[in-house]
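What follows is a single structure, written as structure tokens, with notes after it.
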Amino acid sequence: MEHIHPALVHFPIAFYLLETFLLLLWIVHNNKAYREFAYFVFKSGYFLMWFTLAAGLYEAGGIKPALEHARAHFFSALSVMTVSTGRFVLWRSSLQSKLWLLISALILSALVIVTSYFGGELVFG
């Protein structure tokens, strides 16, 4: 299938941004249901991110062509992968707190937005 990456990429973006919003609702309303749904949404985005990354690398023709033609997008996607993996560990650890979850979600959301910008530049640039 051709151009699967653009079709997949919107799911992790939406899920990661929705998770941040749900964490904010959890903090404001102190309702555990927001936290539980935020974790579910994060896990969904994290799971789909791996397929999105694989599709992007496949469509680019591998790491070397991706670095040649989409350097900024490649490295910002790598940062999203790294931070989201750290957040996956955080969600599953005893260190999770409202503050750490929110700060790390805001960082991840910012990285997702930057990565989306660079991806858009590749398509519409």
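Here, A, B, ... name the chains of the structure tokens in the order displayed, residue numbers run from 1 inside each chain, and ligands are numbered from 1 in the same displayed order.
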(request) Give me the residues within 7 Å of stretch 29-42 of chain A as a list in words, counting only C-alpha atoms and dropping any in the same chain fewer than 4 places off. (result) Phe15, Tyr16, Glu19, Leu22, Leu23, Leu25 and Tyr46 of chain A
(message) I'd like the neighbourhood of A:Ala77 as an MDAnalysis selection string, where a residue qualifies if any of its atoms comes within 12 Å (using only C-alpha atoms), though same-chain residues fewer than 2 positions away should be ignored.
(response) chainID A and resid 9 12:13 49:50 52:54 56:57 66:67 70:75 79:84 108:119
Those same residues, written as a compact mmCIF listing (two decimals), in the first residue's frame with N, CA, C and O atoms?
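Writing the result to part-v2.txt gives the following:
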```txt
# COMPACT_ATOMS: atom_id res chain seq x y z
N VAL A 9 -0.38 8.58 10.64
CA VAL A 9 0.27 9.55 11.53
C VAL A 9 -0.73 10.37 12.36
O VAL A 9 -0.42 10.79 13.47
N PRO A 12 -1.59 8.78 16.28
CA PRO A 12 -0.75 9.09 17.44
C PRO A 12 -0.79 10.58 17.79
O PRO A 12 -0.78 10.93 18.98
N ILE A 13 -0.84 11.44 16.78
CA ILE A 13 -0.91 12.88 17.05
C ILE A 13 -2.15 13.18 17.89
O ILE A 13 -2.07 13.81 18.95
N MET A 49 2.07 4.58 17.25
CA MET A 49 3.26 5.33 16.85
C MET A 49 4.28 4.42 16.19
O MET A 49 4.92 4.80 15.21
N TRP A 50 4.44 3.20 16.71
CA TRP A 50 5.44 2.28 16.16
C TRP A 50 5.12 1.90 14.72
O TRP A 50 6.02 1.82 13.88
N THR A 52 3.41 3.80 12.68
CA THR A 52 3.60 5.04 11.94
C THR A 52 5.07 5.26 11.63
O THR A 52 5.43 5.63 10.50
N LEU A 53 5.93 5.05 12.62
CA LEU A 53 7.37 5.19 12.40
C LEU A 53 7.88 4.18 11.36
O LEU A 53 8.66 4.54 10.47
N ALA A 54 7.42 2.95 11.47
CA ALA A 54 7.84 1.92 10.51
C ALA A 54 7.39 2.28 9.10
O ALA A 54 8.15 2.15 8.13
N GLY A 56 6.78 5.28 7.94
CA GLY A 56 7.56 6.43 7.48
C GLY A 56 8.94 6.01 6.99
O GLY A 56 9.40 6.48 5.93
N LEU A 57 9.59 5.15 7.73
CA LEU A 57 10.91 4.66 7.30
C LEU A 57 10.81 3.85 6.02
O LEU A 57 11.65 3.98 5.12
N ALA A 66 15.93 8.81 4.50
CA ALA A 66 15.17 9.67 5.42
C ALA A 66 16.05 10.80 5.94
O ALA A 66 15.61 11.95 6.05
N LEU A 67 17.31 10.48 6.25
CA LEU A 67 18.23 11.52 6.72
C LEU A 67 18.59 12.51 5.62
O LEU A 67 18.81 13.68 5.88
N ALA A 70 14.63 14.17 4.75
CA ALA A 70 13.70 14.57 5.80
C ALA A 70 14.41 14.62 7.15
O ALA A 70 13.90 14.15 8.16
N ARG A 71 15.58 15.21 7.18
CA ARG A 71 16.43 15.21 8.37
C ARG A 71 15.72 15.76 9.61
O ARG A 71 15.70 15.12 10.66
N ALA A 72 15.15 16.94 9.51
CA ALA A 72 14.49 17.55 10.67
C ALA A 72 13.30 16.71 11.13
O ALA A 72 13.10 16.49 12.33
N HIS A 73 12.51 16.23 10.18
CA HIS A 73 11.36 15.41 10.52
C HIS A 73 11.81 14.09 11.17
O HIS A 73 11.22 13.64 12.15
N PHE A 74 12.87 13.50 10.63
CA PHE A 74 13.40 12.24 11.16
C PHE A 74 13.83 12.42 12.62
O PHE A 74 13.45 11.62 13.49
N PHE A 75 14.62 13.45 12.90
CA PHE A 75 15.13 13.62 14.26
C PHE A 75 14.05 14.07 15.23
O PHE A 75 14.07 13.69 16.41
N SER A 79 12.79 12.03 18.52
CA SER A 79 12.59 12.60 19.86
C SER A 79 11.21 12.24 20.41
O SER A 79 11.06 11.98 21.61
N VAL A 80 10.20 12.21 19.55
CA VAL A 80 8.86 11.79 19.98
C VAL A 80 8.91 10.34 20.46
O VAL A 80 8.35 10.01 21.50
N MET A 81 9.59 9.49 19.71
CA MET A 81 9.72 8.09 20.09
C MET A 81 10.42 7.96 21.44
O MET A 81 9.98 7.21 22.32
N THR A 82 11.49 8.71 21.63
CA THR A 82 12.26 8.63 22.87
C THR A 82 11.46 9.13 24.07
O THR A 82 11.38 8.45 25.11
N VAL A 83 10.84 10.28 23.94
CA VAL A 83 10.07 10.85 25.05
C VAL A 83 8.85 10.00 25.35
O VAL A 83 8.52 9.75 26.52
N SER A 84 8.17 9.52 24.32
CA SER A 84 6.98 8.70 24.57
C SER A 84 7.36 7.37 25.22
O SER A 84 6.61 6.86 26.06
N LEU A 108 5.90 16.20 25.35
CA LEU A 108 5.60 15.32 24.22
C LEU A 108 4.68 16.02 23.22
O LEU A 108 4.90 15.93 22.01
N SER A 109 3.69 16.73 23.69
CA SER A 109 2.78 17.45 22.79
C SER A 109 3.53 18.49 21.97
O SER A 109 3.29 18.63 20.77
N ALA A 110 4.46 19.20 22.60
CA ALA A 110 5.26 20.18 21.87
C ALA A 110 6.10 19.49 20.79
O ALA A 110 6.19 19.97 19.65
N LEU A 111 6.70 18.36 21.13
CA LEU A 111 7.51 17.62 20.16
C LEU A 111 6.65 17.09 19.02
O LEU A 111 7.07 17.09 17.86
N VAL A 112 5.45 16.64 19.33
CA VAL A 112 4.52 16.16 18.30
C VAL A 112 4.16 17.30 17.34
O VAL A 112 4.13 17.10 16.12
N ILE A 113 3.93 18.47 17.87
CA ILE A 113 3.58 19.61 17.03
C ILE A 113 4.74 20.00 16.12
O ILE A 113 4.57 20.25 14.93
N VAL A 114 5.95 20.02 16.67
CA VAL A 114 7.14 20.33 15.86
C VAL A 114 7.34 19.28 14.78
O VAL A 114 7.59 19.61 13.61
N THR A 115 7.21 18.01 15.14
CA THR A 115 7.36 16.93 14.16
C THR A 115 6.29 17.04 13.08
O THR A 115 6.58 16.83 11.89
N SER A 116 5.08 17.38 13.47
CA SER A 116 4.00 17.56 12.50
C SER A 116 4.31 18.71 11.54
O SER A 116 4.05 18.61 10.34
N TYR A 117 4.87 19.76 12.07
CA TYR A 117 5.24 20.90 11.23
C TYR A 117 6.26 20.46 10.17
O TYR A 117 6.09 20.74 8.97
N PHE A 118 7.30 19.76 10.59
CA PHE A 118 8.32 19.31 9.64
C PHE A 118 7.75 18.32 8.63
O PHE A 118 8.13 18.32 7.46
N GLY A 119 6.83 17.47 9.07
CA GLY A 119 6.16 16.55 8.13
C GLY A 119 5.32 17.31 7.12
O GLY A 119 5.32 16.98 5.93
```
(request) Between A:His3, A:Leu106, A:Gly61, A:His69, single out the one closest to A:Leu18, counting only C-alpha atoms. (result) A:Leu106
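Distances from A:Val123, A:Ala55, A:Ile63, A:Ile27 to A:Ser97 were compared using only C-alpha atoms, and the smallest one belongs to A:Ile27.
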(message) Can you measure atom CA of A:Ala14 to atom CA of A:Gly120 for me? One decimal in Å is fine.
(response)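 One can read the atom CA of A:Ala14 to atom CA of A:Gly120 distance as 15.5 Å.
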(message) To one decimal place in Å, what is the distance between atom CA of A:Leu17 and atom CA of A:Ala105?
(response)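 Straight-line distance from atom CA of A:Leu17 to atom CA of A:Ala105 works out to 8.1 Å.
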